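A short worksheet on the structure shown next.
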Amino acid sequence: MVETASEAIASAEQATALLAIHNLHVQTAEREILKGIHLTIRPGEIHAIMGPNGSGKSTLAHVLAGNPGFTVTVGSVFFNGNDLLAMAIEERARAGLFVAFQYPPEIPGVNNMQYLRTAVNTVRKSRGQSELSAAEFLSRVRTILKELGMPEEMVRRSLNEGFSGGEKKKNEILQMAMLEPRLMVLDEIDSGLDVDALELVARCALRVFEDKRSERSLVVITHYSRILRYIKPQYVHVLADGKIVESGGIAVAERIEEKGYG
Amino acid sequence: MAETPAVQEATLELHRIPNGAMSKESKLLVLKDNPHFVLPESTQTTETVAFQVSGKNCAFIVLPETAAKQAWHLKAGCELDCFFLARGFTATTEVHFTLEPQSRLRVFSLLEDCNLNWQAKAELAGEAAAFFYGLTRTAGNAQTKIALVVKHSGCGGTSEQRFFSCASENSAIEFIGRIVVEAGATGTKAHQLHRGLLLSPGARIAAEPILNIFHDDVRCTHGATIGFIDEMALHYLMARGIARAKAEAMLVAAFAGQFAALLPDEAKTFYGFESSDH
Ligand SMILES: Nc1ncnc2c1ncn2[C@@H]1O[C@H](COP(=O)(O)OP(=O)(O)OP(=O)(O)O)[C@@H](O)[C@H]1O
Ligand SMILES: [Mg+2]
């Protein structure tokens, strides 16, 4: 009876939510990392996910992005009404999912600008939008670079190669802003950023969200409440040992910052 | 039809001539036995073109589909860049360089989809310098073998070998790089590096460094890496909407770019790489 009710709720949520995660279990070769995650995110909402090191926050982000290093054993994830787990990595991005990774890889020899243009135009084409001309692309990139306080030289280099921790985070947000996703998952975007850079990055992410608030959602994975002063979440979830153990408002984040996970 | 392939032999002597602006007229044509001189853009024919670009001696060599043998002699003070290109055929090519002291040689080779046996040898007398850079790509069942010997027979010579190999499907690449430092060759510097990228489980790359060092006071280094495509990088590109095949092509181009980055500008179009600055 209980199971049936929860499944009824789950299917109702699949229809209206932007992201509906139901009883998600995930493992690597060695062990189970996520042990039954339930999470529903509707358009226009901002969620924060906090939790101790190793609790599974990045794993969740990777599973959403489609990283094949993790195996989903039980559960479902629906994105905008579609079975996310059945979609290829690139299809997820085209459908409007963007994960800013905690540790973006360095890719020597792939020019940042050329790569970004390929990604943007591929995604736009898949959404039935026209490709951006070189001039239009460059002018949009320049606007965002300015917003993020990034020198233009950054996009002329190899993708993330030799970028500092903070520069990599800014480059993630540049890509996000250019790709115009619907669901934005920021995995510790605040780590490695100085206080001024953090404000620029947070404001840019928030701006992208606000541009189409009725369609977009933001998930901020973080250890600190500082970023949440700029990006104010309606919901704060605490992940511990692969499960969401607490959900509440901003007060949860403030308590954790003050007292830890206890 | 079943004739044994003719062996072309051409001995080339290069003499340093004063710097001059590049023009067709100022080409330094040093090929003795070959009456044809084609510009490097025309890659259909199997010709060697040697001329000057901005005062530098350059040879663009599209390897013939028949067995070929070339010998080059660099006189003291001579600087030469050789650009070898082979695409899609079966052959054996031998090339032999002898370098007098104070001469400098750079050899670039792009070998694509060939059943090719490419044998190169450079003998350096004294303070000469020889640099070999290569990119080899194979697909299907192609097998390319590169055997390179660099021999230092005098004091103060410098040599470098940098080769990049990329094999897909069921193809194979073998690189054998030998460095010989003869007794008495004090102060020799010799380096060798090989990088291999495998694009499928059926592809094979073998790199074998051979060092024959008969003298103590020398600096020789060698290194080799072979691996599959970087999955983390691949998934990152895909997570931004780029299809797997395209993402893989971007990473392969980045690998090849390590060779392209070593090329002087005048050779980029010859090999079909976009010329630099972006
Ligand atoms: N590929 C993997 N193989 C084995 N174990 C893994 C793998 N990836 C993650 N883990 C383990 O899963 C657990 C959760 O890792 P995850 O990166 O999701 O934590 P996190 O909550 O993001 O931590 P942090 O706050 O430090 O970023 C950790 O114990 C980690 O060691
Ligand atoms: Mg993490």
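Here's how to read the names in the structure tokens: chain A, B, ... by the order shown, residue numbers from 1 in each chain, ligand numbers from 1 in the order shown.
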
Where does DSSP see strand (DSSP E or B) in region 65-247 of chain A, if you list the residues as a short mmCIF file (atom, residue, chain, number, x, y, z; two decimals) with all heavy atoms, in the first residue's frame?
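Printed below is out-v3.cif as written:
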```cif
data_model
loop_
_atom_site.label_atom_id
_atom_site.label_comp_id
_atom_site.auth_asym_id
_atom_site.auth_seq_id
_atom_site.Cartn_x
_atom_site.Cartn_y
_atom_site.Cartn_z
N THR A 71 27.14 2.58 -12.04
CA THR A 71 26.02 1.73 -12.48
C THR A 71 24.80 2.00 -11.61
O THR A 71 24.87 1.94 -10.38
CB THR A 71 26.40 0.24 -12.33
OG1 THR A 71 27.69 0.05 -12.92
CG2 THR A 71 25.39 -0.65 -13.00
N VAL A 72 23.70 2.28 -12.28
CA VAL A 72 22.44 2.42 -11.56
C VAL A 72 21.83 1.03 -11.40
O VAL A 72 21.60 0.33 -12.38
CB VAL A 72 21.46 3.33 -12.33
CG1 VAL A 72 20.10 3.38 -11.64
CG2 VAL A 72 22.04 4.73 -12.47
N THR A 73 21.63 0.60 -10.17
CA THR A 73 21.10 -0.74 -9.93
C THR A 73 19.60 -0.72 -9.73
O THR A 73 18.89 -1.64 -10.14
CB THR A 73 21.77 -1.39 -8.71
OG1 THR A 73 21.70 -0.47 -7.62
CG2 THR A 73 23.23 -1.73 -9.00
N VAL A 74 19.09 0.31 -9.08
CA VAL A 74 17.66 0.43 -8.80
C VAL A 74 17.28 1.89 -8.95
O VAL A 74 18.11 2.77 -8.71
CB VAL A 74 17.31 -0.01 -7.35
CG1 VAL A 74 15.80 0.03 -7.11
CG2 VAL A 74 17.87 -1.38 -7.02
N GLY A 75 16.03 2.14 -9.34
CA GLY A 75 15.52 3.50 -9.32
C GLY A 75 15.36 4.11 -10.69
O GLY A 75 15.72 3.50 -11.71
N SER A 76 14.79 5.32 -10.71
CA SER A 76 14.54 5.98 -11.97
C SER A 76 14.88 7.47 -11.88
O SER A 76 14.86 8.05 -10.79
CB SER A 76 13.07 5.81 -12.37
OG SER A 76 12.24 6.47 -11.42
N VAL A 77 15.21 8.03 -13.03
CA VAL A 77 15.41 9.48 -13.11
C VAL A 77 14.69 9.98 -14.35
O VAL A 77 14.96 9.51 -15.46
CB VAL A 77 16.91 9.85 -13.22
CG1 VAL A 77 17.06 11.37 -13.26
CG2 VAL A 77 17.71 9.27 -12.06
N PHE A 78 13.75 10.88 -14.14
CA PHE A 78 13.06 11.46 -15.29
C PHE A 78 13.44 12.93 -15.41
O PHE A 78 13.46 13.66 -14.44
CB PHE A 78 11.54 11.29 -15.16
CG PHE A 78 11.12 9.90 -15.59
CD1 PHE A 78 11.31 8.81 -14.73
CD2 PHE A 78 10.60 9.69 -16.85
CE1 PHE A 78 10.98 7.54 -15.14
CE2 PHE A 78 10.26 8.40 -17.26
CZ PHE A 78 10.44 7.32 -16.41
N PHE A 79 13.77 13.30 -16.65
CA PHE A 79 14.16 14.68 -16.91
C PHE A 79 13.18 15.25 -17.92
O PHE A 79 13.07 14.75 -19.04
CB PHE A 79 15.59 14.72 -17.48
CG PHE A 79 16.07 16.11 -17.83
CD1 PHE A 79 16.14 17.11 -16.88
CD2 PHE A 79 16.43 16.42 -19.14
CE1 PHE A 79 16.58 18.38 -17.20
CE2 PHE A 79 16.88 17.69 -19.47
CZ PHE A 79 16.95 18.67 -18.50
N ASN A 82 11.17 12.68 -19.62
CA ASN A 82 11.83 11.59 -20.35
C ASN A 82 12.75 10.79 -19.43
O ASN A 82 13.33 11.35 -18.49
CB ASN A 82 12.66 12.16 -21.50
CG ASN A 82 11.79 12.90 -22.49
OD1 ASN A 82 10.77 12.39 -22.96
ND2 ASN A 82 12.16 14.14 -22.78
N ASP A 83 12.90 9.52 -19.76
CA ASP A 83 13.76 8.64 -18.98
C ASP A 83 15.22 9.03 -19.19
O ASP A 83 15.83 8.66 -20.20
CB ASP A 83 13.51 7.18 -19.42
CG ASP A 83 14.33 6.20 -18.60
OD1 ASP A 83 15.11 6.64 -17.74
OD2 ASP A 83 14.16 4.99 -18.83
N LEU A 97 20.40 19.46 -19.96
CA LEU A 97 21.04 19.21 -18.66
C LEU A 97 22.49 19.70 -18.72
O LEU A 97 23.21 19.40 -19.67
CB LEU A 97 21.02 17.71 -18.36
CG LEU A 97 21.83 17.27 -17.13
CD1 LEU A 97 21.16 17.75 -15.84
CD2 LEU A 97 21.98 15.76 -17.10
N PHE A 98 22.88 20.43 -17.72
CA PHE A 98 24.29 20.86 -17.66
C PHE A 98 24.83 20.61 -16.26
O PHE A 98 24.26 21.07 -15.27
CB PHE A 98 24.44 22.35 -17.99
CG PHE A 98 25.88 22.79 -18.05
CD1 PHE A 98 26.55 22.85 -19.26
CD2 PHE A 98 26.58 23.09 -16.88
CE1 PHE A 98 27.90 23.22 -19.31
CE2 PHE A 98 27.93 23.46 -16.93
CZ PHE A 98 28.58 23.53 -18.16
N VAL A 99 25.93 19.86 -16.21
CA VAL A 99 26.60 19.65 -14.93
C VAL A 99 27.95 20.35 -14.98
O VAL A 99 28.77 20.06 -15.85
CB VAL A 99 26.81 18.14 -14.64
CG1 VAL A 99 27.59 17.96 -13.33
CG2 VAL A 99 25.47 17.42 -14.56
N ALA A 100 28.14 21.32 -14.09
CA ALA A 100 29.46 21.93 -13.94
C ALA A 100 30.23 21.04 -12.98
O ALA A 100 29.85 20.87 -11.83
CB ALA A 100 29.33 23.34 -13.38
N ILE A 107 42.23 19.31 -21.24
CA ILE A 107 42.27 18.64 -22.54
C ILE A 107 43.23 19.38 -23.47
O ILE A 107 42.85 20.26 -24.22
CB ILE A 107 40.85 18.52 -23.15
CG1 ILE A 107 39.88 17.98 -22.08
CG2 ILE A 107 40.89 17.63 -24.39
CD1 ILE A 107 38.52 17.61 -22.58
N PRO A 108 44.51 19.00 -23.42
CA PRO A 108 45.52 19.68 -24.23
C PRO A 108 45.23 19.52 -25.71
O PRO A 108 44.76 18.47 -26.16
CB PRO A 108 46.83 18.95 -23.88
CG PRO A 108 46.54 18.13 -22.68
CD PRO A 108 45.08 17.88 -22.65
N GLY A 109 45.48 20.58 -26.46
CA GLY A 109 45.36 20.48 -27.91
C GLY A 109 43.96 20.72 -28.45
O GLY A 109 43.77 20.81 -29.65
N VAL A 110 42.96 20.81 -27.55
CA VAL A 110 41.62 21.15 -28.01
C VAL A 110 41.39 22.61 -27.65
O VAL A 110 41.36 22.97 -26.48
CB VAL A 110 40.54 20.25 -27.36
CG1 VAL A 110 39.15 20.77 -27.66
CG2 VAL A 110 40.69 18.82 -27.84
N ASN A 111 41.29 23.43 -28.68
CA ASN A 111 41.15 24.87 -28.47
C ASN A 111 39.81 25.19 -27.80
O ASN A 111 38.75 24.77 -28.28
CB ASN A 111 41.29 25.59 -29.80
CG ASN A 111 41.08 27.07 -29.67
OD1 ASN A 111 39.98 27.56 -29.87
ND2 ASN A 111 42.12 27.78 -29.32
N SER A 158 44.20 26.02 -24.82
CA SER A 158 43.64 24.68 -24.82
C SER A 158 42.66 24.55 -23.66
O SER A 158 42.84 25.14 -22.60
CB SER A 158 44.73 23.63 -24.66
OG SER A 158 45.42 23.46 -25.86
N LEU A 159 41.64 23.74 -23.87
CA LEU A 159 40.54 23.58 -22.93
C LEU A 159 41.03 23.17 -21.54
O LEU A 159 41.52 22.05 -21.35
CB LEU A 159 39.58 22.53 -23.51
CG LEU A 159 38.36 22.12 -22.73
CD1 LEU A 159 37.54 23.30 -22.26
CD2 LEU A 159 37.49 21.21 -23.60
N LEU A 183 18.33 22.59 -16.78
CA LEU A 183 18.71 22.20 -15.42
C LEU A 183 20.21 22.38 -15.27
O LEU A 183 20.99 21.81 -16.04
CB LEU A 183 18.34 20.74 -15.15
CG LEU A 183 18.76 20.20 -13.77
CD1 LEU A 183 18.04 20.93 -12.65
CD2 LEU A 183 18.52 18.70 -13.68
N MET A 184 20.60 23.18 -14.27
CA MET A 184 22.02 23.46 -14.06
C MET A 184 22.44 22.88 -12.73
O MET A 184 21.88 23.24 -11.69
CB MET A 184 22.24 24.97 -14.05
CG MET A 184 21.84 25.61 -15.38
SD MET A 184 21.80 27.40 -15.30
CE MET A 184 20.06 27.68 -15.02
N VAL A 185 23.38 21.96 -12.77
CA VAL A 185 23.89 21.34 -11.54
C VAL A 185 25.31 21.83 -11.34
O VAL A 185 26.19 21.56 -12.16
CB VAL A 185 23.84 19.80 -11.64
CG1 VAL A 185 24.39 19.17 -10.37
CG2 VAL A 185 22.43 19.32 -11.94
N LEU A 186 25.54 22.57 -10.27
CA LEU A 186 26.87 23.13 -10.03
C LEU A 186 27.52 22.38 -8.88
O LEU A 186 27.14 22.54 -7.73
CB LEU A 186 26.75 24.63 -9.67
CG LEU A 186 25.88 25.49 -10.59
CD1 LEU A 186 25.91 26.95 -10.14
CD2 LEU A 186 26.33 25.38 -12.04
N ASP A 187 28.49 21.54 -9.22
CA ASP A 187 29.14 20.72 -8.20
C ASP A 187 30.34 21.47 -7.63
O ASP A 187 31.39 21.56 -8.26
CB ASP A 187 29.58 19.38 -8.80
CG ASP A 187 30.06 18.39 -7.74
OD1 ASP A 187 30.08 18.76 -6.54
OD2 ASP A 187 30.40 17.25 -8.12
N SER A 217 15.96 25.40 -13.70
CA SER A 217 16.19 25.08 -12.29
C SER A 217 17.69 25.03 -12.02
O SER A 217 18.48 24.76 -12.93
CB SER A 217 15.60 23.73 -11.92
OG SER A 217 14.27 23.64 -12.35
N LEU A 218 18.03 25.29 -10.77
CA LEU A 218 19.44 25.31 -10.36
C LEU A 218 19.64 24.38 -9.17
O LEU A 218 18.85 24.40 -8.24
CB LEU A 218 19.79 26.73 -9.91
CG LEU A 218 20.75 27.58 -10.71
CD1 LEU A 218 20.81 28.98 -10.11
CD2 LEU A 218 22.14 26.99 -10.77
N VAL A 219 20.69 23.59 -9.24
CA VAL A 219 21.08 22.76 -8.10
C VAL A 219 22.50 23.13 -7.72
O VAL A 219 23.41 23.05 -8.55
CB VAL A 219 21.01 21.26 -8.44
CG1 VAL A 219 21.48 20.42 -7.24
CG2 VAL A 219 19.61 20.86 -8.87
N VAL A 220 22.68 23.57 -6.49
CA VAL A 220 24.01 24.01 -6.04
C VAL A 220 24.52 23.01 -5.01
O VAL A 220 23.96 22.88 -3.93
CB VAL A 220 23.93 25.42 -5.41
CG1 VAL A 220 25.32 25.88 -4.97
CG2 VAL A 220 23.33 26.41 -6.40
N ILE A 221 25.58 22.30 -5.37
CA ILE A 221 26.21 21.39 -4.42
C ILE A 221 27.34 22.16 -3.75
O ILE A 221 28.21 22.72 -4.44
CB ILE A 221 26.79 20.14 -5.14
CG1 ILE A 221 25.65 19.34 -5.78
CG2 ILE A 221 27.59 19.27 -4.17
CD1 ILE A 221 26.12 18.21 -6.69
N TYR A 235 15.19 25.18 -1.17
CA TYR A 235 15.34 23.89 -0.49
C TYR A 235 16.81 23.58 -0.26
O TYR A 235 17.64 23.77 -1.15
CB TYR A 235 14.74 22.75 -1.33
CG TYR A 235 13.30 22.99 -1.71
CD1 TYR A 235 12.98 23.58 -2.94
CD2 TYR A 235 12.26 22.64 -0.85
CE1 TYR A 235 11.66 23.81 -3.30
CE2 TYR A 235 10.94 22.86 -1.21
CZ TYR A 235 10.64 23.45 -2.43
OH TYR A 235 9.33 23.67 -2.78
N VAL A 236 17.11 23.10 0.92
CA VAL A 236 18.46 22.63 1.21
C VAL A 236 18.37 21.17 1.65
O VAL A 236 17.58 20.84 2.55
CB VAL A 236 19.12 23.47 2.33
CG1 VAL A 236 20.51 22.92 2.67
CG2 VAL A 236 19.22 24.93 1.91
N HIS A 237 19.12 20.30 0.96
CA HIS A 237 19.10 18.87 1.29
C HIS A 237 20.44 18.48 1.87
O HIS A 237 21.48 18.97 1.43
CB HIS A 237 18.84 18.03 0.04
CG HIS A 237 17.66 18.49 -0.74
ND1 HIS A 237 16.35 18.17 -0.41
CD2 HIS A 237 17.58 19.29 -1.85
CE1 HIS A 237 15.53 18.74 -1.29
NE2 HIS A 237 16.25 19.42 -2.17
N VAL A 238 20.41 17.56 2.80
CA VAL A 238 21.66 17.04 3.36
C VAL A 238 21.81 15.58 2.94
O VAL A 238 20.93 14.75 3.18
CB VAL A 238 21.68 17.14 4.90
CG1 VAL A 238 22.99 16.58 5.44
CG2 VAL A 238 21.48 18.58 5.33
N LEU A 239 22.93 15.32 2.26
CA LEU A 239 23.23 13.97 1.81
C LEU A 239 24.26 13.37 2.77
O LEU A 239 25.27 13.99 3.06
CB LEU A 239 23.81 14.03 0.40
CG LEU A 239 23.91 12.76 -0.43
CD1 LEU A 239 22.52 12.18 -0.68
CD2 LEU A 239 24.57 13.06 -1.77
N ALA A 240 23.96 12.20 3.29
CA ALA A 240 24.93 11.52 4.15
C ALA A 240 24.88 10.04 3.84
O ALA A 240 23.80 9.46 3.76
CB ALA A 240 24.60 11.77 5.63
N LYS A 243 22.35 8.87 1.16
CA LYS A 243 20.91 9.11 1.29
C LYS A 243 20.65 10.56 1.66
O LYS A 243 21.48 11.18 2.33
CB LYS A 243 20.32 8.25 2.41
CG LYS A 243 20.08 6.82 2.04
CD LYS A 243 19.40 6.12 3.20
CE LYS A 243 19.11 4.68 2.84
NZ LYS A 243 18.79 3.88 3.99
N ILE A 244 19.50 11.08 1.26
CA ILE A 244 19.13 12.41 1.73
C ILE A 244 18.52 12.24 3.12
O ILE A 244 17.48 11.60 3.29
CB ILE A 244 18.16 13.09 0.76
CG1 ILE A 244 18.92 13.43 -0.53
CG2 ILE A 244 17.58 14.36 1.38
CD1 ILE A 244 18.11 14.08 -1.60
N VAL A 245 19.22 12.77 4.12
CA VAL A 245 18.80 12.55 5.51
C VAL A 245 18.03 13.72 6.08
O VAL A 245 17.42 13.62 7.14
CB VAL A 245 20.01 12.22 6.42
CG1 VAL A 245 20.63 10.89 6.03
CG2 VAL A 245 21.06 13.33 6.35
N GLU A 246 18.06 14.84 5.38
CA GLU A 246 17.32 16.00 5.89
C GLU A 246 17.05 16.94 4.73
O GLU A 246 17.89 17.11 3.83
CB GLU A 246 18.17 16.73 6.95
CG GLU A 246 17.43 17.90 7.58
CD GLU A 246 18.28 18.65 8.63
OE1 GLU A 246 19.46 18.28 8.80
OE2 GLU A 246 17.76 19.60 9.23
N SER A 247 15.86 17.54 4.71
CA SER A 247 15.56 18.58 3.73
C SER A 247 14.87 19.71 4.45
O SER A 247 14.06 19.49 5.35
CB SER A 247 14.63 18.03 2.63
OG SER A 247 15.30 17.07 1.86
#
```

message: Show me which residues line ligand 2, defined as having an atom within 8 Å of a ligand atom where only C-alpha atoms and all ligand atoms count, and present them as a list in words.
response: Asn53, Gly54, Gly56, Lys57, Ser58, Thr59, Gln102, Asp187 and Glu188 of chain A

field: Within-10 Å residues of ligand 1, basis only C-alpha atoms and all ligand atoms, as number ranges by chain
entry: A: 26-34, 49-63, 67-70, 102-103, 187-188, 191, 221-223, 239-242

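For region 110-115 of chain B, the list of residues within 6 Å, based on only C-alpha atoms and with local chain neighbours fewer than 6 positions off taken out, reads Leu85, Ala86, Arg87, Gly88, Phe89, Thr90, Gly134, Leu135, Thr136, Arg137, Thr138, Ala139, Ala142, Gln143 and Thr144 of chain B.
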
message: Residues of chain B were defined as contacting chain A if any atom lay at most 9 Å from it, counting only C-alpha atoms; please report them as a count of residues only.
response: 21
